[in-house]
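start_5.pdb (PDB, C-alpha atoms, pLDDT in the B column) appears below.
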```
ATOM      1  CA  MET D 262      83.768-102.103 155.528  1.00 80.00           C
ATOM      2  CA  PRO D 263      83.510-100.627 159.028  1.00 83.00           C
ATOM      3  CA  ARG D 264      83.138-102.983 161.969  1.00 89.00           C
ATOM      4  CA  ILE D 265      80.566-102.464 164.696  1.00 92.00           C
ATOM      5  CA  ASP D 266      81.164-104.306 167.972  1.00 94.00           C
ATOM      6  CA  GLU D 267      78.521-105.695 170.347  1.00 96.00           C
ATOM      7  CA  LEU D 268      78.461-102.585 172.534  1.00 96.00           C
ATOM      8  CA  ASP D 269      78.007-100.367 169.472  1.00 95.00           C
ATOM      9  CA  LYS D 270      75.107-102.573 168.393  1.00 95.00           C
ATOM     10  CA  LYS D 271      73.458-102.101 171.785  1.00 96.00           C
ATOM     11  CA  ILE D 272      73.843 -98.313 171.536  1.00 96.00           C
ATOM     12  CA  ILE D 273      72.360 -98.330 168.039  1.00 94.00           C
ATOM     13  CA  ALA D 274      69.440-100.525 169.177  1.00 94.00           C
ATOM     14  CA  ILE D 275      68.655 -98.126 172.049  1.00 95.00           C
ATOM     15  CA  LEU D 276      68.770 -95.101 169.732  1.00 93.00           C
ATOM     16  CA  GLN D 277      66.642 -96.841 167.105  1.00 89.00           C
ATOM     17  CA  LYS D 278      64.004 -97.496 169.734  1.00 89.00           C
ATOM     18  CA  ASP D 279      64.225 -93.973 171.171  1.00 90.00           C
ATOM     19  CA  GLY D 280      66.317 -91.428 169.286  1.00 89.00           C
ATOM     20  CA  ARG D 281      65.853 -88.997 172.167  1.00 91.00           C
ATOM     21  CA  ALA D 282      67.536 -91.237 174.745  1.00 95.00           C
ATOM     22  CA  SER D 283      70.106 -89.199 176.653  1.00 96.00           C
ATOM     23  CA  LEU D 284      73.751 -90.189 176.834  1.00 96.00           C
ATOM     24  CA  THR D 285      73.300 -90.649 180.584  1.00 97.00           C
ATOM     25  CA  ASP D 286      70.328 -92.998 180.110  1.00 97.00           C
ATOM     26  CA  ILE D 287      72.200 -95.057 177.511  1.00 97.00           C
ATOM     27  CA  GLY D 288      75.248 -95.169 179.800  1.00 97.00           C
ATOM     28  CA  ARG D 289      73.138 -96.390 182.741  1.00 97.00           C
ATOM     29  CA  LYS D 290      71.622 -99.172 180.658  1.00 97.00           C
ATOM     30  CA  LEU D 291      75.037-100.308 179.471  1.00 97.00           C
ATOM     31  CA  GLY D 292      77.112 -99.635 182.605  1.00 97.00           C
ATOM     32  CA  LEU D 293      79.206 -96.856 181.022  1.00 97.00           C
ATOM     33  CA  SER D 294      79.663 -93.139 181.560  1.00 97.00           C
ATOM     34  CA  HIS D 295      77.908 -90.598 179.356  1.00 96.00           C
ATOM     35  CA  VAL D 296      81.362 -89.505 178.148  1.00 97.00           C
ATOM     36  CA  SER D 297      82.119 -93.050 176.934  1.00 96.00           C
ATOM     37  CA  ILE D 298      78.762 -93.202 175.152  1.00 97.00           C
ATOM     38  CA  ARG D 299      79.374 -89.812 173.484  1.00 96.00           C
ATOM     39  CA  LYS D 300      82.794 -90.962 172.235  1.00 97.00           C
ATOM     40  CA  ARG D 301      81.337 -94.203 170.902  1.00 96.00           C
ATOM     41  CA  ILE D 302      78.514 -92.342 169.122  1.00 96.00           C
ATOM     42  CA  GLU D 303      81.065 -89.968 167.568  1.00 96.00           C
ATOM     43  CA  LYS D 304      83.063 -92.969 166.312  1.00 95.00           C
ATOM     44  CA  LEU D 305      79.863 -94.587 165.003  1.00 95.00           C
ATOM     45  CA  TYR D 306      79.092 -91.391 163.098  1.00 94.00           C
ATOM     46  CA  GLU D 307      82.571 -91.530 161.522  1.00 95.00           C
ATOM     47  CA  LYS D 308      81.788 -95.124 160.475  1.00 94.00           C
ATOM     48  CA  GLY D 309      78.580 -94.029 158.769  1.00 93.00           C
ATOM     49  CA  VAL D 310      76.015 -94.670 161.521  1.00 91.00           C
ATOM     50  CA  LYS D 311      73.634 -91.764 161.989  1.00 89.00           C
ATOM     51  CA  VAL D 312      70.473 -91.319 164.025  1.00 85.00           C
ATOM     52  CA  THR D 313      67.894 -89.342 162.064  1.00 87.00           C
ATOM     53  CA  ALA D 314      64.362 -88.097 162.573  1.00 86.00           C
ATOM     54  CA  GLY D 315      61.536 -89.961 160.868  1.00 90.00           C
ATOM     55  CA  LEU D 316      57.805 -89.406 160.562  1.00 92.00           C
ATOM     56  CA  ASP D 317      55.227 -92.019 161.551  1.00 93.00           C
ATOM     57  CA  ALA D 318      53.778 -92.876 158.145  1.00 92.00           C
ATOM     58  CA  ARG D 319      50.467 -94.133 159.531  1.00 93.00           C
ATOM     59  CA  LYS D 320      49.799 -91.113 161.739  1.00 93.00           C
ATOM     60  CA  PHE D 321      50.337 -88.812 158.785  1.00 91.00           C
ATOM     61  CA  GLY D 322      48.188 -91.000 156.528  1.00 91.00           C
ATOM     62  CA  PHE D 323      50.907 -91.389 153.920  1.00 94.00           C
ATOM     63  CA  ARG D 324      50.500 -93.639 150.951  1.00 96.00           C
ATOM     64  CA  ILE D 325      53.467 -94.981 149.029  1.00 96.00           C
ATOM     65  CA  ALA D 326      54.260 -95.777 145.435  1.00 97.00           C
ATOM     66  CA  ILE D 327      57.040 -98.045 144.292  1.00 97.00           C
ATOM     67  CA  VAL D 328      57.961 -96.972 140.798  1.00 97.00           C
ATOM     68  CA  ASN D 329      60.298 -99.187 138.795  1.00 98.00           C
ATOM     69  CA  VAL D 330      61.638 -97.988 135.455  1.00 98.00           C
ATOM     70  CA  GLU D 331      63.922 -99.165 132.713  1.00 98.00           C
ATOM     71  CA  ALA D 332      65.914 -96.168 131.555  1.00 97.00           C
ATOM     72  CA  GLU D 333      67.604 -96.187 128.161  1.00 96.00           C
ATOM     73  CA  GLY D 334      71.287 -96.530 128.955  1.00 94.00           C
ATOM     74  CA  HIS D 335      73.558 -95.681 131.838  1.00 95.00           C
ATOM     75  CA  GLU D 336      73.749 -91.939 131.100  1.00 96.00           C
ATOM     76  CA  ARG D 337      69.979 -91.554 131.209  1.00 96.00           C
ATOM     77  CA  LEU D 338      69.888 -93.537 134.446  1.00 97.00           C
ATOM     78  CA  LEU D 339      72.445 -91.174 136.010  1.00 97.00           C
ATOM     79  CA  GLU D 340      70.396 -88.166 134.831  1.00 96.00           C
ATOM     80  CA  LEU D 341      67.299 -89.578 136.549  1.00 97.00           C
ATOM     81  CA  LEU D 342      69.208 -90.205 139.778  1.00 97.00           C
ATOM     82  CA  LYS D 343      70.420 -86.611 139.752  1.00 96.00           C
ATOM     83  CA  LYS D 344      67.022 -85.170 138.811  1.00 95.00           C
ATOM     84  CA  PHE D 345      65.175 -86.891 141.649  1.00 97.00           C
ATOM     85  CA  SER D 346      67.888 -86.787 144.331  1.00 96.00           C
ATOM     86  CA  ASP D 347      66.414 -83.631 145.924  1.00 95.00           C
ATOM     87  CA  CYS D 348      62.755 -84.630 145.645  1.00 96.00           C
ATOM     88  CA  PRO D 349      61.148 -84.274 149.095  1.00 96.00           C
ATOM     89  CA  ARG D 350      58.697 -87.063 148.243  1.00 96.00           C
ATOM     90  CA  MET D 351      61.496 -89.546 147.519  1.00 97.00           C
ATOM     91  CA  VAL D 352      62.012 -91.959 150.420  1.00 96.00           C
ATOM     92  CA  PHE D 353      64.217 -94.487 148.630  1.00 96.00           C
ATOM     93  CA  MET D 354      65.976 -94.647 145.282  1.00 97.00           C
ATOM     94  CA  THR D 355      68.428 -97.228 143.989  1.00 98.00           C
ATOM     95  CA  THR D 356      69.735 -98.783 140.818  1.00 98.00           C
ATOM     96  CA  THR D 357      68.706-102.383 140.270  1.00 97.00           C
ATOM     97  CA  THR D 358      69.333-105.373 138.058  1.00 95.00           C
ATOM     98  CA  GLY D 359      66.723-107.456 136.294  1.00 94.00           C
ATOM     99  CA  ASP D 360      63.745-106.125 134.353  1.00 94.00           C
ATOM    100  CA  TYR D 361      64.222-102.549 135.599  1.00 97.00           C
ATOM    101  CA  ASN D 362      67.340-100.522 136.348  1.00 97.00           C
ATOM    102  CA  LEU D 363      65.853 -97.958 138.767  1.00 98.00           C
ATOM    103  CA  MET D 364      63.552 -98.413 141.752  1.00 98.00           C
ATOM    104  CA  THR D 365      62.040 -95.528 143.691  1.00 97.00           C
ATOM    105  CA  VAL D 366      59.746 -95.340 146.687  1.00 97.00           C
ATOM    106  CA  MET D 367      57.756 -92.124 146.947  1.00 97.00           C
ATOM    107  CA  ILE D 368      55.207 -90.850 149.465  1.00 96.00           C
ATOM    108  CA  ALA D 369      52.120 -88.682 149.277  1.00 97.00           C
ATOM    109  CA  GLU D 370      49.575 -87.418 151.755  1.00 95.00           C
ATOM    110  CA  ASP D 371      46.529 -88.757 149.902  1.00 95.00           C
ATOM    111  CA  ALA D 372      45.486 -90.957 146.979  1.00 95.00           C
ATOM    112  CA  ASP D 373      44.895 -88.083 144.532  1.00 96.00           C
ATOM    113  CA  THR D 374      48.335 -86.610 145.139  1.00 97.00           C
ATOM    114  CA  LEU D 375      49.927 -90.040 144.852  1.00 96.00           C
ATOM    115  CA  ASN D 376      48.181 -90.645 141.521  1.00 96.00           C
ATOM    116  CA  SER D 377      49.376 -87.249 140.292  1.00 95.00           C
ATOM    117  CA  ILE D 378      52.943 -88.061 141.272  1.00 95.00           C
ATOM    118  CA  ILE D 379      52.844 -91.456 139.560  1.00 95.00           C
ATOM    119  CA  GLU D 380      51.255 -90.180 136.362  1.00 93.00           C
ATOM    120  CA  PHE D 381      53.018 -86.831 135.966  1.00 91.00           C
ATOM    121  CA  CYS D 382      55.974 -86.306 138.298  1.00 90.00           C
ATOM    122  CA  SER D 383      57.714 -89.658 138.787  1.00 93.00           C
ATOM    123  CA  ALA D 384      60.617 -91.232 136.946  1.00 94.00           C
ATOM    124  CA  ARG D 385      58.202 -93.232 134.770  1.00 93.00           C
ATOM    125  CA  ASN D 386      57.092 -90.083 132.914  1.00 90.00           C
ATOM    126  CA  GLN D 387      60.532 -88.898 131.907  1.00 94.00           C
ATOM    127  CA  LYS D 388      62.061 -89.085 128.464  1.00 93.00           C
ATOM    128  CA  GLY D 389      64.198 -92.108 127.771  1.00 95.00           C
ATOM    129  CA  ILE D 390      62.072 -94.592 129.720  1.00 97.00           C
ATOM    130  CA  ARG D 391      61.472 -97.867 127.903  1.00 96.00           C
ATOM    131  CA  ARG D 392      58.921 -99.209 130.363  1.00 96.00           C
ATOM    132  CA  SER D 393      57.783 -98.799 133.930  1.00 97.00           C
ATOM    133  CA  GLU D 394      55.694-100.303 136.679  1.00 97.00           C
ATOM    134  CA  ALA D 395      53.996 -98.558 139.595  1.00 97.00           C
ATOM    135  CA  ILE D 396      52.821-100.312 142.732  1.00 97.00           C
ATOM    136  CA  VAL D 397      50.637 -98.344 145.155  1.00 97.00           C
ATOM    137  CA  GLY D 398      50.334 -99.127 148.832  1.00 95.00           C
ATOM    138  CA  GLU D 399      49.089 -97.805 152.130  1.00 94.00           C
ATOM    139  CA  ALA D 400      51.474 -96.450 154.746  1.00 92.00           C
ATOM    140  CA  PRO D 401      54.153 -99.067 155.363  1.00 92.00           C
ATOM    141  CA  ILE D 402      54.039-101.350 158.375  1.00 91.00           C
ATOM    142  CA  LEU D 403      57.842-101.521 158.490  1.00 91.00           C
ATOM    143  CA  PRO D 404      59.577 -99.237 158.870  1.00 90.00           C
ATOM    144  CA  LYS D 405      57.108 -97.297 160.983  1.00 89.00           C
ATOM    145  CA  TYR D 406      59.117 -94.082 160.734  1.00 90.00           C
ATOM    146  CA  LEU D 407      60.121 -92.843 157.305  1.00 93.00           C
ATOM    147  CA  PRO D 408      63.000 -90.486 156.520  1.00 91.00           C
ATOM    148  CA  ILE D 409      60.789 -87.865 154.893  1.00 92.00           C
ATOM    149  CA  ARG D 410      62.568 -84.659 154.032  1.00 91.00           C
ATOM    150  CA  ILE D 411      60.830 -81.615 155.419  1.00 92.00           C
ATOM    151  CA  VAL D 412      61.349 -78.372 153.528  1.00 93.00           C
ATOM    152  CA  ALA D 413      60.889 -75.575 156.056  1.00 92.00           C
ATOM    153  CA  GLU D 414      60.965 -72.664 153.611  1.00 91.00           C
ATOM    154  CA  LYS D 415      58.685 -73.280 150.668  1.00 93.00           C
ATOM    155  CA  MET D 416      59.908 -70.619 148.280  1.00 92.00           C
ATOM    156  CA  LEU D 417      60.644 -72.480 145.054  1.00 96.00           C
ATOM    157  CA  GLU D 418      58.694 -71.676 141.910  1.00 97.00           C
ATOM    158  CA  ASP D 419      59.684 -75.012 140.346  1.00 96.00           C
ATOM    159  CA  ALA D 420      60.034 -78.329 142.173  1.00 95.00           C
ATOM    160  CA  PRO D 421      63.568 -79.778 142.467  1.00 94.00           C
ATOM    161  CA  CYS D 422      62.716 -82.084 139.528  1.00 92.00           C
ATOM    162  CA  GLY D 423      61.861 -79.041 137.354  1.00 92.00           C
ATOM    163  CA  VAL D 424      58.044 -79.286 137.395  1.00 94.00           C
ATOM    164  CA  ASN D 425      56.048 -76.112 137.988  1.00 96.00           C
ATOM    165  CA  CYS D 426      53.125 -77.178 140.179  1.00 96.00           C
ATOM    166  CA  GLY D 427      51.335 -73.843 139.709  1.00 96.00           C
ATOM    167  CA  ARG D 428      50.816 -74.637 136.018  1.00 96.00           C
ATOM    168  CA  CYS D 429      49.688 -78.233 136.574  1.00 95.00           C
ATOM    169  CA  ALA D 430      46.042 -78.998 135.743  1.00 95.00           C
ATOM    170  CA  ARG D 431      45.776 -81.570 138.550  1.00 96.00           C
ATOM    171  CA  TYR D 432      46.971 -78.997 141.068  1.00 97.00           C
ATOM    172  CA  LYS D 433      44.491 -76.430 139.754  1.00 97.00           C
ATOM    173  CA  GLU D 434      41.672 -79.014 140.020  1.00 97.00           C
ATOM    174  CA  GLY D 435      42.584 -79.720 143.662  1.00 96.00           C
ATOM    175  CA  LYS D 436      43.784 -83.256 142.873  1.00 96.00           C
ATOM    176  CA  CYS D 437      47.358 -82.670 143.997  1.00 97.00           C
ATOM    177  CA  LEU D 438      48.840 -80.880 147.005  1.00 97.00           C
ATOM    178  CA  ALA D 439      51.940 -79.876 144.955  1.00 97.00           C
ATOM    179  CA  CYS D 440      55.588 -80.466 145.765  1.00 97.00           C
ATOM    180  CA  PRO D 441      56.406 -79.770 149.436  1.00 96.00           C
ATOM    181  CA  ALA D 442      59.436 -77.716 148.330  1.00 96.00           C
ATOM    182  CA  THR D 443      57.395 -75.187 146.342  1.00 97.00           C
ATOM    183  CA  LYS D 444      55.389 -72.107 147.271  1.00 97.00           C
ATOM    184  CA  TYR D 445      52.306 -73.866 145.829  1.00 98.00           C
ATOM    185  CA  TYR D 446      52.278 -76.650 148.428  1.00 97.00           C
ATOM    186  CA  ARG D 447      49.021 -76.840 150.404  1.00 96.00           C
ATOM    187  CA  GLY D 448      49.599 -79.914 152.509  1.00 93.00           C
ATOM    188  CA  PRO D 449      50.557 -80.577 156.147  1.00 90.00           C
ATOM    189  CA  LEU D 450      54.332 -80.949 155.730  1.00 87.00           C
TER     190      LEU D 450
END
```

What do you get writing this file as structure tokens?
Amino acid sequence: MPRIDELDKKIIAILQKDGRASLTDIGRKLGLSHVSIRKRIEKLYEKGVKVTAGLDARKFGFRIAIVNVEAEGHERLLELLKKFSDCPRMVFMTTTTGDYNLMTVMIAEDADTLNSIIEFCSARNQKGIRRSEAIVGEAPILPKYLPIRIVAEKMLEDAPCGVNCGRCARYKEGKCLACPATKYYRGPL
């Protein structure tokens, strides 16, 4: 397990507060040169620390769904992890112990789209699921900024999970914005 010293923690805290802080500004705050800060950030990156862009969930009006599922067996669980690993709506996905063996956190721009995702496009609607539970919430309070994947070129016919949004009844009825990775997407992302 990599070690992070007190100075590294201060650099991380500054970048978490303002990811656009310059190396010079960080150096001034900590009494170091910008070259020293750059070297430390490079070493932090090698240790697995990365500063990323996030979107303010409240400003975008996102809603979230926590979907827990019990997949039949380890192989099916691995298939689900692979199937949803490129989903642009997936904010968090992990294996768990207890009543369920997979937990996902997904986002949507509005309630109708979120309901569509939960009922038709989430892990709970896949084959080999014994049972599931979905919990719907407003935009999270913490963290304020979510690591939402933006797909700049929306050229896919089928979503990364294999669903064709253009054929979906909910999409045709205007009750879903479609997957942000597809050419059908009509939302703000």

Problem - 12 Å contact set for Asn362 (chain D), only C-alpha atoms, chain neighbours under 3 positions out, as a ChimeraX atom specification - result: /D:328-339,341-342,354-359,365,384-385,390-394

Return as AutoDock Vina command-line options the box centre and box size in Å, one decimal, for an axis-aligned box around all listed atoms of region 306-317 of chain D padded by 5 Å per side.
```
--center_x 68.9 --center_y -91.6 --center_z 161.4 --size_x 37.3 --size_y 17.0 --size_z 15.3
```

Problem - For CA of Glu414 (chain D) and CA of Ser346 (chain D), the interatomic separation in Å (one decimal) - result: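 Atom-to-atom, CA of Glu414 (chain D) to CA of Ser346 (chain D), that is 18.3 Å.
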
Near-region 280-294 of chain D list (9 Å; all atoms listed in the file; drop same-chain fewer than 4 positions) as a PDB file with C-alpha atoms, in the coordinates of the input:
```
ATOM      1  CA  LEU D 268      78.461-102.585 172.534  1.00 96.00           C
ATOM      2  CA  LYS D 271      73.458-102.101 171.785  1.00 96.00           C
ATOM      3  CA  ILE D 272      73.843 -98.313 171.536  1.00 96.00           C
ATOM      4  CA  ILE D 275      68.655 -98.126 172.049  1.00 95.00           C
ATOM      5  CA  LEU D 276      68.770 -95.101 169.732  1.00 93.00           C
ATOM      6  CA  ILE D 298      78.762 -93.202 175.152  1.00 97.00           C
ATOM      7  CA  ARG D 299      79.374 -89.812 173.484  1.00 96.00           C
ATOM      8  CA  VAL D 312      70.473 -91.319 164.025  1.00 85.00           C
ATOM      9  CA  THR D 313      67.894 -89.342 162.064  1.00 87.00           C
ATOM     10  CA  ALA D 314      64.362 -88.097 162.573  1.00 86.00           C
TER      11      ALA D 314
END
```

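Between Leu407 (chain D) and the residues D:Ile378, D:Cys422, D:Ile325, D:Leu305, the shortest atom-to-atom distance, using all atoms listed in the file, involves D:Ile325.
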
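Among the candidates D:Leu375, D:Ala326, D:Val352, D:Leu450, the one nearest to Lys415 (chain D) when counting only C-alpha atoms is D:Leu450.
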
Problem - Option closest in space to Cys348 (chain D), from D:Arg264, D:Lys436, D:Lys444, D:Arg410 [counting all atoms listed in the file] - result: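 Between D:Arg264, D:Lys436, D:Lys444, D:Arg410, the residue approaching Cys348 (chain D) most closely is D:Arg410.
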
What lies within 12 Å of region 320-323 of chain D using only C-alpha atoms, ignoring chain neighbours under 5 positions off, as a CSV table (one decimal) with C-alpha atoms, in the coordinates of the input?
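And here is the file that came out, part.csv:
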```
chain,number,residue,atom,x,y,z
D,315,GLY,CA,61.5,-90.0,160.9
D,350,ARG,CA,58.7,-87.1,148.2
D,352,VAL,CA,62.0,-92.0,150.4
D,367,MET,CA,57.8,-92.1,146.9
D,368,ILE,CA,55.2,-90.8,149.5
D,369,ALA,CA,52.1,-88.7,149.3
D,370,GLU,CA,49.6,-87.4,151.8
D,371,ASP,CA,46.5,-88.8,149.9
D,372,ALA,CA,45.5,-91.0,147.0
D,373,ASP,CA,44.9,-88.1,144.5
D,374,THR,CA,48.3,-86.6,145.1
D,375,LEU,CA,49.9,-90.0,144.9
D,397,VAL,CA,50.6,-98.3,145.2
D,398,GLY,CA,50.3,-99.1,148.8
D,399,GLU,CA,49.1,-97.8,152.1
D,400,ALA,CA,51.5,-96.4,154.7
D,401,PRO,CA,54.2,-99.1,155.4
D,402,ILE,CA,54.0,-101.4,158.4
D,405,LYS,CA,57.1,-97.3,161.0
D,406,TYR,CA,59.1,-94.1,160.7
D,407,LEU,CA,60.1,-92.8,157.3
D,409,ILE,CA,60.8,-87.9,154.9
D,448,GLY,CA,49.6,-79.9,152.5
D,449,PRO,CA,50.6,-80.6,156.1
D,450,LEU,CA,54.3,-80.9,155.7
```

Practice task
Pick out the closest residue to Ile396 (chain D) from this set: D:Val424, D:Ile379, D:Met262, D:Met351. Count only C-alpha atoms.
Solution key: D:Ile379

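CA of Val366 (chain D) to CA of Ile327 (chain D) spans 4.5 Å [interatomic distance, one decimal].
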
Practice task
Find the distance between CA of Gly423 (chain D) and CA of Tyr361 (chain D) and write it in Å to one decimal.
Solution key: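 We find that CA of Gly423 (chain D) and CA of Tyr361 (chain D) lie 23.7 Å from each other.
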
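Minimum atom-to-atom distances from D:Ile411, D:Arg324, D:Val310, D:Gln387 to Pro349 (chain D) were compared using all atoms listed in the file, and the lowest value belongs to D:Ile411.
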
Problem - Among the residues D:Glu418, D:Ile265, D:Ser297, D:Ile273, the one that comes closest to Lys311 (chain D) [using only C-alpha atoms] - result: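 Comparing D:Glu418, D:Ile265, D:Ser297, D:Ile273 against Lys311 (chain D), the winner is D:Ile273.
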
Exercise for the section: Apply the PyMOL selection byres ((chain D and resi 425) around 12) to the structure shown and report the selected residues as a list of chain:residue names. Expected result: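 When the PyMOL selection byres ((chain D and resi 425) around 12) is applied to the shown file, the picked residues are D:Phe381, D:Cys382, D:Leu417, D:Glu418, D:Asp419, D:Ala420, D:Pro421, D:Cys422, D:Gly423, D:Val424, D:Cys426, D:Gly427, D:Arg428, D:Cys429, D:Ala430, D:Arg431, D:Tyr432, D:Lys433, D:Ala439, D:Cys440, D:Ala442, D:Thr443, D:Lys444, D:Tyr445, D:Tyr446.
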
Selected residues written out, C-alpha atoms, as a PDB file, keeping the file's coordinate frame:
```pdb
ATOM      1  CA  PHE D 381      53.018 -86.831 135.966  1.00 91.00           C
ATOM      2  CA  CYS D 382      55.974 -86.306 138.298  1.00 90.00           C
ATOM      3  CA  LEU D 417      60.644 -72.480 145.054  1.00 96.00           C
ATOM      4  CA  GLU D 418      58.694 -71.676 141.910  1.00 97.00           C
ATOM      5  CA  ASP D 419      59.684 -75.012 140.346  1.00 96.00           C
ATOM      6  CA  ALA D 420      60.034 -78.329 142.173  1.00 95.00           C
ATOM      7  CA  PRO D 421      63.568 -79.778 142.467  1.00 94.00           C
ATOM      8  CA  CYS D 422      62.716 -82.084 139.528  1.00 92.00           C
ATOM      9  CA  GLY D 423      61.861 -79.041 137.354  1.00 92.00           C
ATOM     10  CA  VAL D 424      58.044 -79.286 137.395  1.00 94.00           C
ATOM     11  CA  CYS D 426      53.125 -77.178 140.179  1.00 96.00           C
ATOM     12  CA  GLY D 427      51.335 -73.843 139.709  1.00 96.00           C
ATOM     13  CA  ARG D 428      50.816 -74.637 136.018  1.00 96.00           C
ATOM     14  CA  CYS D 429      49.688 -78.233 136.574  1.00 95.00           C
ATOM     15  CA  ALA D 430      46.042 -78.998 135.743  1.00 95.00           C
ATOM     16  CA  ARG D 431      45.776 -81.570 138.550  1.00 96.00           C
ATOM     17  CA  TYR D 432      46.971 -78.997 141.068  1.00 97.00           C
ATOM     18  CA  LYS D 433      44.491 -76.430 139.754  1.00 97.00           C
ATOM     19  CA  ALA D 439      51.940 -79.876 144.955  1.00 97.00           C
ATOM     20  CA  CYS D 440      55.588 -80.466 145.765  1.00 97.00           C
ATOM     21  CA  ALA D 442      59.436 -77.716 148.330  1.00 96.00           C
ATOM     22  CA  THR D 443      57.395 -75.187 146.342  1.00 97.00           C
ATOM     23  CA  LYS D 444      55.389 -72.107 147.271  1.00 97.00           C
ATOM     24  CA  TYR D 445      52.306 -73.866 145.829  1.00 98.00           C
ATOM     25  CA  TYR D 446      52.278 -76.650 148.428  1.00 97.00           C
TER      26      TYR D 446
END
```
